[in-house]
$ cat structure15.cif   # mmCIF, C-alpha atoms and all ligand atoms
data_structure
loop_
_atom_site.group_PDB
_atom_site.id
_atom_site.type_symbol
_atom_site.label_atom_id
_atom_site.label_comp_id
_atom_site.auth_asym_id
_atom_site.auth_seq_id
_atom_site.Cartn_x
_atom_site.Cartn_y
_atom_site.Cartn_z
ATOM 1 C CA LYS A 1 -51.655 34.426 -67.880
ATOM 2 C CA THR A 2 -48.822 34.721 -65.361
ATOM 3 C CA ARG A 3 -50.053 36.596 -62.310
ATOM 4 C CA ILE A 4 -47.385 38.901 -60.907
ATOM 5 C CA ILE A 5 -46.763 41.458 -58.173
ATOM 6 C CA VAL A 6 -43.934 43.870 -58.987
ATOM 7 C CA ASP A 7 -41.882 45.176 -56.048
ATOM 8 C CA CYS A 8 -39.733 48.094 -57.234
ATOM 9 C CA ASP A 9 -37.902 51.389 -56.603
ATOM 10 C CA PRO A 10 -38.344 53.331 -59.881
ATOM 11 C CA GLY A 11 -35.626 54.154 -61.037
ATOM 12 C CA ILE A 12 -35.072 54.403 -64.812
ATOM 13 C CA ASP A 13 -34.658 50.689 -65.476
ATOM 14 C CA ASP A 14 -37.492 49.818 -63.079
ATOM 15 C CA ALA A 15 -39.650 52.213 -65.123
ATOM 16 C CA ILE A 16 -38.741 50.483 -68.407
ATOM 17 C CA ALA A 17 -39.529 47.134 -66.751
ATOM 18 C CA LEU A 18 -42.936 48.356 -65.548
ATOM 19 C CA LEU A 19 -43.828 49.747 -68.980
ATOM 20 C CA ALA A 20 -42.722 46.464 -70.607
ATOM 21 C CA SER A 21 -44.991 44.573 -68.213
ATOM 22 C CA PHE A 22 -47.925 46.882 -69.051
ATOM 23 C CA VAL A 23 -47.654 46.074 -72.773
ATOM 24 C CA SER A 24 -47.293 42.308 -72.299
ATOM 25 C CA PRO A 25 -50.721 40.662 -72.481
ATOM 26 C CA GLU A 26 -49.404 37.377 -71.073
ATOM 27 C CA LEU A 27 -48.835 39.063 -67.682
ATOM 28 C CA GLU A 28 -51.566 39.936 -65.216
ATOM 29 C CA ILE A 29 -50.207 42.597 -62.851
ATOM 30 C CA LEU A 30 -52.048 42.240 -59.557
ATOM 31 C CA ALA A 31 -50.254 45.088 -57.799
ATOM 32 C CA ILE A 32 -47.141 47.228 -57.639
ATOM 33 C CA THR A 33 -45.379 47.589 -54.291
ATOM 34 C CA THR A 34 -42.686 50.212 -53.769
ATOM 35 C CA VAL A 35 -39.602 50.282 -51.611
ATOM 36 C CA SER A 36 -36.893 52.712 -50.570
ATOM 37 C CA GLY A 37 -33.902 52.191 -52.881
ATOM 38 C CA ASN A 38 -32.827 54.181 -55.915
ATOM 39 C CA GLN A 39 -34.999 56.975 -54.555
ATOM 40 C CA PRO A 40 -36.669 57.672 -51.203
ATOM 41 C CA LEU A 41 -39.960 55.809 -50.810
ATOM 42 C CA GLU A 42 -42.135 58.857 -51.609
ATOM 43 C CA THR A 43 -40.403 59.402 -54.951
ATOM 44 C CA SER A 44 -40.417 55.693 -55.892
ATOM 45 C CA THR A 45 -44.126 55.576 -55.146
ATOM 46 C CA GLN A 46 -44.927 58.764 -57.074
ATOM 47 C CA ASN A 47 -42.958 57.422 -60.035
ATOM 48 C CA ALA A 48 -44.881 54.140 -59.968
ATOM 49 C CA LEU A 49 -48.164 56.090 -59.934
ATOM 50 C CA LYS A 50 -47.021 58.332 -62.798
ATOM 51 C CA LEU A 51 -46.089 55.279 -64.863
ATOM 52 C CA CYS A 52 -49.491 53.665 -64.250
ATOM 53 C CA GLU A 53 -51.130 56.837 -65.461
ATOM 54 C CA LEU A 54 -48.919 57.042 -68.561
ATOM 55 C CA GLY A 55 -49.686 53.422 -69.395
ATOM 56 C CA GLU A 56 -53.413 53.899 -68.730
ATOM 57 C CA ARG A 57 -53.119 51.255 -66.050
ATOM 58 C CA THR A 58 -54.672 53.109 -63.131
ATOM 59 C CA ASP A 59 -56.520 49.848 -62.423
ATOM 60 C CA ILE A 60 -53.298 48.457 -60.886
ATOM 61 C CA PRO A 61 -53.158 49.189 -57.144
ATOM 62 C CA VAL A 62 -49.894 50.712 -55.853
ATOM 63 C CA TYR A 63 -48.853 50.036 -52.248
ATOM 64 C CA ALA A 64 -46.040 52.002 -50.602
ATOM 65 C CA GLY A 65 -43.677 49.867 -48.548
ATOM 66 C CA SER A 66 -40.572 50.240 -46.409
ATOM 67 C CA HIS A 67 -39.053 53.672 -45.848
ATOM 68 C CA ARG A 68 -35.645 52.287 -45.052
ATOM 69 C CA PRO A 69 -33.579 49.092 -45.073
ATOM 70 C CA LEU A 70 -33.894 46.667 -42.153
ATOM 71 C CA LEU A 71 -30.681 47.659 -40.367
ATOM 72 C CA ARG A 72 -28.418 49.770 -42.567
ATOM 73 C CA GLU A 73 -28.724 53.420 -43.503
ATOM 74 C CA PRO A 74 -30.326 53.958 -46.928
ATOM 75 C CA ILE A 75 -28.124 54.346 -50.001
ATOM 76 C CA ARG A 76 -29.518 55.792 -53.244
ATOM 77 C CA GLY A 77 -29.080 54.818 -56.876
ATOM 78 C CA GLN A 78 -26.713 56.581 -59.209
ATOM 79 C CA TYR A 79 -27.502 57.474 -62.849
ATOM 80 C CA HIS A 80 -31.275 57.870 -62.287
ATOM 81 C CA GLY A 81 -31.312 61.696 -62.145
ATOM 82 C CA THR A 82 -33.037 63.835 -59.525
ATOM 83 C CA THR A 83 -36.572 62.558 -60.184
ATOM 84 C CA GLY A 84 -35.469 58.938 -60.629
ATOM 85 C CA LEU A 85 -36.693 58.954 -64.234
ATOM 86 C CA GLY A 86 -33.794 60.741 -65.944
ATOM 87 C CA SER A 87 -34.952 63.256 -68.541
ATOM 88 C CA CYS A 88 -38.372 61.631 -68.896
ATOM 89 C CA ASN A 89 -40.841 64.135 -67.451
ATOM 90 C CA LEU A 90 -44.183 62.592 -66.614
ATOM 91 C CA SER A 91 -47.166 64.547 -65.366
ATOM 92 C CA GLU A 92 -48.182 64.434 -61.720
ATOM 93 C CA PRO A 93 -50.471 61.484 -61.035
ATOM 94 C CA THR A 94 -54.097 61.867 -60.047
ATOM 95 C CA LYS A 95 -53.995 58.329 -58.712
ATOM 96 C CA THR A 96 -52.938 57.846 -55.079
ATOM 97 C CA PRO A 97 -51.373 54.887 -53.241
ATOM 98 C CA GLU A 98 -53.633 52.375 -51.519
ATOM 99 C CA PRO A 99 -54.255 52.969 -47.818
ATOM 100 C CA ALA A 100 -52.613 49.672 -46.753
ATOM 101 C CA GLY A 101 -48.842 49.380 -46.680
ATOM 102 C CA ALA A 102 -46.939 47.070 -49.044
ATOM 103 C CA VAL A 103 -45.866 44.577 -46.371
ATOM 104 C CA GLU A 104 -49.397 44.282 -45.006
ATOM 105 C CA PHE A 105 -50.753 43.861 -48.552
ATOM 106 C CA LEU A 106 -48.138 41.227 -49.493
ATOM 107 C CA ILE A 107 -48.962 39.155 -46.422
ATOM 108 C CA GLU A 108 -52.715 39.309 -46.959
ATOM 109 C CA ARG A 109 -52.623 38.694 -50.709
ATOM 110 C CA LEU A 110 -50.071 35.875 -50.560
ATOM 111 C CA LEU A 111 -51.897 34.101 -47.748
ATOM 112 C CA LEU A 112 -55.023 34.238 -49.893
ATOM 113 C CA ALA A 113 -53.066 32.870 -52.857
ATOM 114 C CA ALA A 114 -51.819 30.002 -50.669
ATOM 115 C CA GLN A 115 -55.325 29.282 -49.463
ATOM 116 C CA GLU A 116 -56.722 29.317 -53.013
ATOM 117 C CA GLU A 117 -53.759 27.250 -54.212
ATOM 118 C CA GLN A 118 -53.059 29.859 -56.883
ATOM 119 C CA PRO A 119 -49.530 30.999 -56.075
ATOM 120 C CA ILE A 120 -48.295 34.314 -57.478
ATOM 121 C CA THR A 121 -44.967 35.204 -59.108
ATOM 122 C CA LEU A 122 -43.133 37.974 -57.251
ATOM 123 C CA CYS A 123 -40.885 40.242 -59.311
ATOM 124 C CA ALA A 124 -38.273 42.098 -57.265
ATOM 125 C CA LEU A 125 -36.562 45.031 -58.978
ATOM 126 C CA GLY A 126 -35.121 46.768 -55.914
ATOM 127 C CA PRO A 127 -33.794 46.061 -52.411
ATOM 128 C CA LEU A 128 -35.571 43.075 -50.833
ATOM 129 C CA THR A 129 -36.774 44.888 -47.678
ATOM 130 C CA ASN A 130 -40.553 44.490 -48.201
ATOM 131 C CA ILE A 131 -40.297 40.830 -49.130
ATOM 132 C CA ALA A 132 -38.003 40.003 -46.191
ATOM 133 C CA MET A 133 -40.316 41.814 -43.756
ATOM 134 C CA ALA A 134 -43.358 39.953 -45.068
ATOM 135 C CA LEU A 135 -41.501 36.604 -44.824
ATOM 136 C CA LYS A 136 -40.382 37.321 -41.250
ATOM 137 C CA ILE A 137 -43.823 38.397 -40.073
ATOM 138 C CA GLU A 138 -45.661 35.565 -41.817
ATOM 139 C CA PRO A 139 -43.366 32.770 -43.101
ATOM 140 C CA SER A 140 -46.322 30.803 -44.457
ATOM 141 C CA ILE A 141 -46.718 33.356 -47.303
ATOM 142 C CA ALA A 142 -44.004 31.267 -49.011
ATOM 143 C CA ARG A 143 -46.754 28.851 -50.063
ATOM 144 C CA GLY A 144 -48.490 31.694 -51.892
ATOM 145 C CA ILE A 145 -45.369 32.529 -53.928
ATOM 146 C CA LYS A 146 -44.865 30.535 -57.104
ATOM 147 C CA GLN A 147 -41.388 31.940 -57.583
ATOM 148 C CA LEU A 148 -39.405 35.082 -56.836
ATOM 149 C CA VAL A 149 -37.758 36.485 -59.950
ATOM 150 C CA MET A 150 -35.278 39.123 -58.839
ATOM 151 C CA MET A 151 -32.661 41.464 -60.253
ATOM 152 C CA GLY A 152 -29.684 41.524 -57.931
ATOM 153 C CA GLY A 153 -26.282 40.197 -57.001
ATOM 154 C CA ALA A 154 -22.932 39.808 -58.733
ATOM 155 C CA TYR A 155 -21.091 36.490 -58.897
ATOM 156 C CA ARG A 156 -18.239 36.183 -61.389
ATOM 157 C CA GLU A 157 -18.735 39.831 -62.269
ATOM 158 C CA PRO A 158 -17.474 42.551 -59.902
ATOM 159 C CA GLY A 159 -19.938 44.702 -57.967
ATOM 160 C CA ASN A 160 -21.410 47.882 -59.408
ATOM 161 C CA ARG A 161 -21.686 49.774 -56.141
ATOM 162 C CA THR A 162 -18.662 48.514 -54.265
ATOM 163 C CA LEU A 163 -15.848 46.235 -55.425
ATOM 164 C CA THR A 164 -17.922 43.187 -54.566
ATOM 165 C CA ALA A 165 -21.565 44.247 -54.176
ATOM 166 C CA GLU A 166 -24.411 44.964 -56.543
ATOM 167 C CA PHE A 167 -26.696 47.863 -55.553
ATOM 168 C CA ASN A 168 -29.955 46.023 -54.691
ATOM 169 C CA ILE A 169 -28.194 43.587 -52.373
ATOM 170 C CA LEU A 170 -25.899 46.197 -50.808
ATOM 171 C CA ALA A 171 -28.880 48.478 -50.169
ATOM 172 C CA ASP A 172 -30.325 45.849 -47.813
ATOM 173 C CA PRO A 173 -28.013 42.848 -47.322
ATOM 174 C CA HIS A 174 -29.898 41.681 -44.233
ATOM 175 C CA ALA A 175 -33.132 41.506 -46.210
ATOM 176 C CA ALA A 176 -31.349 39.602 -48.989
ATOM 177 C CA HIS A 177 -29.968 37.172 -46.405
ATOM 178 C CA ILE A 178 -33.472 36.541 -45.067
ATOM 179 C CA VAL A 179 -34.858 35.959 -48.562
ATOM 180 C CA PHE A 180 -32.058 33.565 -49.567
ATOM 181 C CA SER A 181 -32.482 31.685 -46.288
ATOM 182 C CA SER A 182 -36.209 31.173 -46.910
ATOM 183 C CA GLU A 183 -37.922 28.336 -48.732
ATOM 184 C CA LEU A 184 -38.695 30.457 -51.799
ATOM 185 C CA LYS A 185 -37.969 29.268 -55.301
ATOM 186 C CA ILE A 186 -35.689 32.050 -56.568
ATOM 187 C CA VAL A 187 -34.577 32.991 -60.061
ATOM 188 C CA ALA A 188 -31.858 35.666 -59.920
ATOM 189 C CA LEU A 189 -30.711 37.998 -62.684
ATOM 190 C CA PRO A 190 -27.339 39.243 -61.412
ATOM 191 C CA LEU A 191 -24.932 41.668 -63.061
ATOM 192 C CA ASP A 192 -23.343 38.638 -64.752
ATOM 193 C CA ALA A 193 -26.561 38.430 -66.806
ATOM 194 C CA THR A 194 -27.577 42.069 -67.092
ATOM 195 C CA HIS A 195 -24.127 43.205 -68.260
ATOM 196 C CA GLN A 196 -24.637 40.969 -71.292
ATOM 197 C CA VAL A 197 -27.511 43.188 -72.423
ATOM 198 C CA ILE A 198 -26.149 46.665 -73.135
ATOM 199 C CA LEU A 199 -28.657 48.940 -74.751
ATOM 200 C CA THR A 200 -26.592 50.868 -77.286
ATOM 201 C CA PRO A 201 -27.621 54.105 -79.046
ATOM 202 C CA ASP A 202 -28.458 51.946 -82.110
ATOM 203 C CA HIS A 203 -30.924 49.913 -80.066
ATOM 204 C CA VAL A 204 -32.388 53.062 -78.566
ATOM 205 C CA ALA A 205 -32.936 54.467 -82.061
ATOM 206 C CA ARG A 206 -35.078 51.411 -82.875
ATOM 207 C CA PHE A 207 -37.246 52.003 -79.786
ATOM 208 C CA SER A 208 -37.474 55.724 -80.608
ATOM 209 C CA ALA A 209 -38.880 54.871 -84.035
ATOM 210 C CA VAL A 210 -41.965 53.287 -82.448
ATOM 211 C CA SER A 211 -44.805 55.796 -82.199
ATOM 212 C CA GLY A 212 -47.011 56.451 -79.191
ATOM 213 C CA ARG A 213 -46.546 57.966 -75.761
ATOM 214 C CA ILE A 214 -45.371 54.806 -74.003
ATOM 215 C CA SER A 215 -42.598 54.267 -76.513
ATOM 216 C CA LYS A 216 -41.711 57.959 -76.394
ATOM 217 C CA ALA A 217 -41.244 57.651 -72.625
ATOM 218 C CA VAL A 218 -39.311 54.389 -73.047
ATOM 219 C CA SER A 219 -36.885 55.969 -75.493
ATOM 220 C CA GLU A 220 -36.396 59.008 -73.215
ATOM 221 C CA LEU A 221 -35.688 56.685 -70.302
ATOM 222 C CA MET A 222 -33.273 54.664 -72.419
ATOM 223 C CA MET A 223 -31.422 57.778 -73.613
ATOM 224 C CA SER A 224 -30.940 58.884 -70.003
ATOM 225 C CA TRP A 225 -29.510 55.446 -69.200
ATOM 226 C CA ASP A 226 -26.458 55.816 -71.491
ATOM 227 C CA ARG A 227 -23.412 55.718 -69.195
ATOM 228 C CA ASN A 228 -20.898 56.615 -71.857
ATOM 229 C CA GLN A 229 -18.475 54.150 -70.230
ATOM 230 C CA VAL A 230 -17.142 52.350 -73.285
ATOM 231 C CA GLU A 231 -14.199 50.915 -71.399
ATOM 232 C CA ARG A 232 -16.480 49.223 -68.905
ATOM 233 C CA TYR A 233 -19.339 47.984 -71.102
ATOM 234 C CA GLY A 234 -17.632 47.545 -74.461
ATOM 235 C CA SER A 235 -19.830 50.163 -76.115
ATOM 236 C CA ARG A 236 -21.892 53.202 -75.294
ATOM 237 C CA GLY A 237 -25.218 52.573 -73.592
ATOM 238 C CA GLY A 238 -26.438 51.113 -70.329
ATOM 239 C CA PRO A 239 -27.152 47.637 -68.964
ATOM 240 C CA LEU A 240 -30.793 46.608 -69.097
ATOM 241 C CA HIS A 241 -30.986 45.352 -65.491
ATOM 242 C CA ASP A 242 -34.575 45.293 -64.220
ATOM 243 C CA PRO A 243 -36.397 44.736 -67.545
ATOM 244 C CA LEU A 244 -34.694 41.338 -67.772
ATOM 245 C CA VAL A 245 -36.907 40.143 -64.910
ATOM 246 C CA ILE A 246 -39.891 40.757 -67.184
ATOM 247 C CA GLY A 247 -37.917 39.359 -70.134
ATOM 248 C CA TRP A 248 -37.375 36.105 -68.261
ATOM 249 C CA LEU A 249 -41.133 35.755 -67.723
ATOM 250 C CA LEU A 250 -41.892 36.500 -71.379
ATOM 251 C CA ALA A 251 -39.230 34.413 -73.086
ATOM 252 C CA PRO A 252 -37.210 32.120 -70.781
ATOM 253 C CA GLU A 253 -35.841 30.343 -73.856
ATOM 254 C CA HIS A 254 -33.428 33.237 -74.341
ATOM 255 C CA PHE A 255 -31.760 32.608 -70.952
ATOM 256 C CA GLU A 256 -29.530 29.916 -69.451
ATOM 257 C CA THR A 257 -29.459 29.221 -65.733
ATOM 258 C CA LYS A 258 -27.609 27.184 -63.160
ATOM 259 C CA SER A 259 -29.028 26.039 -59.822
ATOM 260 C CA VAL A 260 -26.742 26.734 -56.883
ATOM 261 C CA ARG A 261 -26.682 27.610 -53.204
ATOM 262 C CA VAL A 262 -26.350 31.357 -52.684
ATOM 263 C CA PHE A 263 -25.112 33.121 -49.544
ATOM 264 C CA VAL A 264 -25.202 36.844 -48.783
ATOM 265 C CA GLU A 265 -22.424 38.587 -46.854
ATOM 266 C CA TYR A 266 -23.884 41.007 -44.319
ATOM 267 C CA GLN A 267 -21.090 41.425 -41.783
ATOM 268 C CA SER A 268 -17.824 42.290 -43.478
ATOM 269 C CA GLU A 269 -17.137 45.954 -44.241
ATOM 270 C CA LEU A 270 -15.117 45.169 -47.386
ATOM 271 C CA CYS A 271 -17.490 42.568 -48.807
ATOM 272 C CA MET A 272 -20.816 43.823 -47.424
ATOM 273 C CA GLY A 273 -23.643 42.822 -49.778
ATOM 274 C CA GLN A 274 -21.563 40.356 -51.766
ATOM 275 C CA THR A 275 -23.460 37.365 -53.152
ATOM 276 C CA VAL A 276 -21.475 34.130 -53.024
ATOM 277 C CA ALA A 277 -22.450 31.001 -54.952
ATOM 278 C CA ASP A 278 -21.527 27.395 -54.328
ATOM 279 C CA TRP A 279 -20.887 26.622 -58.034
ATOM 280 C CA PHE A 280 -19.285 23.240 -57.419
ATOM 281 C CA TYR A 281 -21.529 21.931 -54.619
ATOM 282 C CA LYS A 282 -18.799 22.141 -51.981
ATOM 283 C CA THR A 283 -21.049 22.966 -49.029
ATOM 284 C CA GLY A 284 -23.416 20.051 -49.494
ATOM 285 C CA LEU A 285 -26.265 22.491 -48.802
ATOM 286 C CA GLU A 286 -29.434 22.428 -50.844
ATOM 287 C CA GLN A 287 -29.620 24.720 -53.900
ATOM 288 C CA ASN A 288 -31.736 27.803 -53.206
ATOM 289 C CA CYS A 289 -31.432 29.768 -56.431
ATOM 290 C CA GLN A 290 -31.440 29.475 -60.175
ATOM 291 C CA ILE A 291 -28.864 32.027 -61.340
ATOM 292 C CA VAL A 292 -29.127 33.337 -64.892
ATOM 293 C CA THR A 293 -25.686 32.853 -66.412
ATOM 294 C CA GLN A 294 -26.303 33.565 -70.106
ATOM 295 C CA VAL A 295 -28.678 35.845 -71.986
ATOM 296 C CA ASN A 296 -29.270 36.026 -75.723
ATOM 297 C CA SER A 297 -29.061 39.796 -75.807
ATOM 298 C CA ALA A 298 -30.242 40.440 -79.389
ATOM 299 C CA SER A 299 -33.262 38.161 -79.010
ATOM 300 C CA ILE A 300 -34.430 39.594 -75.723
ATOM 301 C CA ILE A 301 -34.114 43.177 -76.971
ATOM 302 C CA ASP A 302 -36.246 42.112 -79.954
ATOM 303 C CA VAL A 303 -38.872 40.701 -77.591
ATOM 304 C CA PHE A 304 -39.197 44.087 -75.877
ATOM 305 C CA LEU A 305 -39.214 45.957 -79.178
ATOM 306 C CA GLU A 306 -41.921 43.673 -80.480
ATOM 307 C CA ARG A 307 -44.075 44.187 -77.365
ATOM 308 C CA PHE A 308 -43.830 47.996 -77.530
ATOM 309 C CA SER A 309 -44.470 48.031 -81.307
ATOM 310 C CA ARG A 310 -47.456 45.707 -81.102
ATOM 311 C CA TYR A 311 -49.057 47.702 -78.287
ATOM 312 C CA GLN A 312 -49.366 50.779 -80.494
ATOM 313 C CA THR A 313 -51.656 48.977 -82.901
ATOM 314 C CA VAL A 314 -54.041 47.694 -80.233
HETATM 315 C C1 LIG B 401 -30.006 47.718 -59.801
HETATM 316 O O1 LIG B 401 -29.709 48.893 -59.080
HETATM 317 C C2 LIG B 401 -30.617 49.903 -59.403
HETATM 318 O O2 LIG B 401 -29.964 51.146 -59.518
HETATM 319 C C3 LIG B 401 -31.302 49.471 -60.660
HETATM 320 O O3 LIG B 401 -32.638 49.961 -60.681
HETATM 321 C C4 LIG B 401 -31.260 47.982 -60.608
HETATM 322 O O4 LIG B 401 -32.383 47.455 -59.942
HETATM 323 C C5 LIG B 401 -28.795 47.342 -60.638
HETATM 324 O O5 LIG B 401 -27.698 47.102 -59.808
HETATM 325 CA CA CA B 402 -34.338 48.807 -59.450
#

$ encode --input "structure15.cif" --output "structure tokens" --more "lines below"
Ligand code: BDR
Ligand code: CA
Amino acid sequence: KTRIIVDCDPGIDDAIALLASFVSPELEILAITTVSGNQPLETSTQNALKLCELGERTDIPVYAGSHRPLLREPIRGQYHGTTGLGSCNLSEPTKTPEPAGAVEFLIERLLLAAQEEQPITLCALGPLTNIAMALKIEPSIARGIKQLVMMGGAYREPGNRTLTAEFNILADPHAAHIVFSSELKIVALPLDATHQVILTPDHVARFSAVSGRISKAVSELMMSWDRNQVERYGSRGGPLHDPLVIGWLLAPEHFETKSVRVFVEYQSELCMGQTVADWFYKTGLEQNCQIVTQVNSASIIDVFLERFSRYQTV
């Protein structure tokens, strides 16, 4: 089993990613940590707790993390609705967050993983604030991290929040800079990858046909994710950003990557939060990231559909 910690800001697509991880027996979810991003920290955390309850995974501890980015003022996600979960209404959780904070937990757990020589895969679905804080406070946690698989950045594709920046990086560019300057092994799913996987109404209909309350929630989340921006995405629907982090762990054969050096712009007003890659090895600097460049969209959607369908029979 792949042991993971999911750092997230649910968020509709974060929610789909979490539910996909719950129904994937090859993943062992050690904890969920939450961060300010799409929604304020309190809402992200409540949403994570609600999702655990829906998925009957109250065994997974949830740790609340950073209230705000390292230096910038918070920005919030668009398209996630007022609760962060679109039109998917989940009941209030009985479960509560753990007493320790996310950064404290990450440091303790990753140091233990380093000591036991059993490094853990970190999945980052939101701004990188918690992970950057943990790395700054205790750089040796890097030895406890097998790899960081993150959704974020935009390379050959334009930004989705500004002309040049993708939301997760723009929301905390200083944190992203710290993470990309660390020794971590990083796999990044940028907009270049996630815009290849547009969940159309036809796809959503296939998810809606699966019975059970998890799939019902998934199809409600997916319906709320339809942007109706045909000009931009080539069809109706929405890009499946965060779930691709889980998809990469489940079926890496459906993805192509390229190893490059990545830099994050955190000073310019115009290009704040832009991710810049050294595609042709001009800087002579060591590669610090495997960027996903190609995704087999139909196959990866089938992987998710198969996981949700199979779960109902268990
Ligand atoms: C990212 O921004 C958020 O709104 C989504 O949850 C995703 O993590 C896409 O740019
Ligand atoms: Ca997210």

$ resolve_selection --input "structure15.cif" --expression "the PyMOL selection byres (((not hetatm)) within 10 of (chain B and resi 401))" --output "number ranges by chain"
A: 8-17, 37-39, 76-80, 84, 124-127, 150-154, 159-161, 165-171, 189-191, 194-195, 239-243, 245

$ resolve_selection --input "structure15.cif" --expression "the PyMOL selection byres (((chain A and resi 262-270) around 7) and not hetatm)" --output "list in words"
Pro173, His174, Ala176, His177, Phe180, Val260, Arg261, Cys271, Met272, Gly273, Gln274, Thr275, Val276, Ala277, Asp278, Asn288 and Cys289 of chain A

$ atom_distance --input "structure15.cif" --atom1 "CA of His67 (chain A)" --atom2 "CA of Asp7 (chain A)"
13.6 Å

$ atom_distance --input "structure15.cif" --atom1 "CA of Pro252 (chain A)" --atom2 "CA of Gly237 (chain A)"
23.9 Å

$ residues_near_point --input "structure15.cif" --point "(-34.7, 51.4, -49.2)" --cutoff "6 Å" --atoms "all atoms listed in the file" --output "list of chain:residue names"
A:Val35, A:Ser36, A:Gly37, A:His67, A:Arg68, A:Pro69, A:Pro74

$ atom_distance --input "structure15.cif" --atom1 "CA of Lys258 (chain A)" --atom2 "CA of Val149 (chain A)"
14.1 Å

$ residues_around --input "structure15.cif" --residues "Leu148 (chain A)" --least-positions-apart "2" --cutoff "10 Å" --atoms "all atoms listed in the file" --output "VMD selection string"
chain A and resid 4 to 5 120 to 124 131 142 145 to 146 150 to 151 179 184 to 188 245 289

$ write_last_selection --input "structure15.cif" --atoms "C-alpha atoms" --output "mmCIF file, keeping the file's coordinate frame"
data_model
loop_
_atom_site.group_PDB
_atom_site.id
_atom_site.type_symbol
_atom_site.label_atom_id
_atom_site.label_comp_id
_atom_site.auth_asym_id
_atom_site.auth_seq_id
_atom_site.Cartn_x
_atom_site.Cartn_y
_atom_site.Cartn_z
ATOM 1 C CA ILE A 4 -47.385 38.901 -60.907
ATOM 2 C CA ILE A 5 -46.763 41.458 -58.173
ATOM 3 C CA ILE A 120 -48.295 34.314 -57.478
ATOM 4 C CA THR A 121 -44.967 35.204 -59.108
ATOM 5 C CA LEU A 122 -43.133 37.974 -57.251
ATOM 6 C CA CYS A 123 -40.885 40.242 -59.311
ATOM 7 C CA ALA A 124 -38.273 42.098 -57.265
ATOM 8 C CA ILE A 131 -40.297 40.830 -49.130
ATOM 9 C CA ALA A 142 -44.004 31.267 -49.011
ATOM 10 C CA ILE A 145 -45.369 32.529 -53.928
ATOM 11 C CA LYS A 146 -44.865 30.535 -57.104
ATOM 12 C CA MET A 150 -35.278 39.123 -58.839
ATOM 13 C CA MET A 151 -32.661 41.464 -60.253
ATOM 14 C CA VAL A 179 -34.858 35.959 -48.562
ATOM 15 C CA LEU A 184 -38.695 30.457 -51.799
ATOM 16 C CA LYS A 185 -37.969 29.268 -55.301
ATOM 17 C CA ILE A 186 -35.689 32.050 -56.568
ATOM 18 C CA VAL A 187 -34.577 32.991 -60.061
ATOM 19 C CA ALA A 188 -31.858 35.666 -59.920
ATOM 20 C CA VAL A 245 -36.907 40.143 -64.910
ATOM 21 C CA CYS A 289 -31.432 29.768 -56.431
#

$ residues_around --input "structure15.cif" --residues "region 49-53 of chain A" --least-positions-apart "3" --cutoff "9 Å" --atoms "only C-alpha atoms" --output "VMD selection string"
chain A and resid 15 18 to 19 22 44 to 46 56 to 62 90 to 97

$ closest_residue --input "structure15.cif" --among "A:Glu183, A:Ile137, A:Cys88, A:Leu244" --to "ligand CA 402 (chain B)" --atoms "all atoms listed in the file"
A:Leu244

$ closest_residue --input "structure15.cif" --among "A:Ala31, A:Met133, A:Leu128, A:Val103" --to "ligand CA 402 (chain B)" --atoms "all atoms listed in the file"
A:Leu128

$ resolve_selection --input "structure15.cif" --expression "the PyMOL selection byres (((chain A and resi 222) around 9) and not hetatm)" --output "PyMOL selection string"
chain A and resi 12-13+16+86+199+201+204+207+217-221+223-226+237-238

$ closest_residue --input "structure15.cif" --among "A:Ser140, A:Gln115, A:Thr293, A:Thr164" --to "Ala193 (chain A)" --atoms "all atoms listed in the file"
A:Thr293

$ closest_residue --input "structure15.cif" --among "A:Leu30, A:Ile214, A:Leu85, A:Leu305" --to "Leu110 (chain A)" --atoms "all atoms listed in the file"
A:Leu30

$ closest_residue --input "structure15.cif" --among "A:Gly101, A:Asp192, A:Asn228, A:Thr2" --to "Glu157 (chain A)" --atoms "only C-alpha atoms"
A:Asp192

$ closest_residue --input "structure15.cif" --among "A:Ser181, A:Thr34, A:Ala205, A:Ala251" --to "ligand CA 402 (chain B)" --atoms "all atoms listed in the file"
A:Thr34

$ axis_aligned_box --input "structure15.cif" --around "region 84-103 of chain A" --padding-each-side "3 Å" --output "lines of an AutoDock Vina configuration file"
center_x = -44.0
center_y = 54.6
center_z = -57.6
size_x = 26.5
size_y = 26.0
size_z = 28.5

$ residues_around --input "structure15.cif" --residues "Ala298 (chain A)" --least-positions-apart "5" --cutoff "10 Å" --atoms "all atoms listed in the file" --output "list in words"
Gln196, Val197, Ile198, Leu199, His203, His254 and Val303 of chain A

$ decode --input "structure15.cif" --residues "region 217-221 of chain A" --atoms "N, CA and C atoms" --output "CSV table (one decimal), in the first residue's frame"
chain,number,residue,atom,x,y,z
A,217,ALA,N,-22.8,11.8,-4.0
A,217,ALA,CA,-22.1,13.0,-3.6
A,217,ALA,C,-21.1,13.4,-4.8
A,218,VAL,N,-20.4,12.4,-5.3
A,218,VAL,CA,-19.4,12.7,-6.4
A,218,VAL,C,-20.1,13.3,-7.6
A,219,SER,N,-21.3,12.7,-7.9
A,219,SER,CA,-21.9,13.3,-9.1
A,219,SER,C,-22.5,14.7,-8.8
A,220,GLU,N,-22.9,14.9,-7.6
A,220,GLU,CA,-23.4,16.3,-7.3
A,220,GLU,C,-22.2,17.3,-7.4
A,221,LEU,N,-21.1,16.9,-6.8
A,221,LEU,CA,-19.9,17.7,-6.9
A,221,LEU,C,-19.5,18.0,-8.3
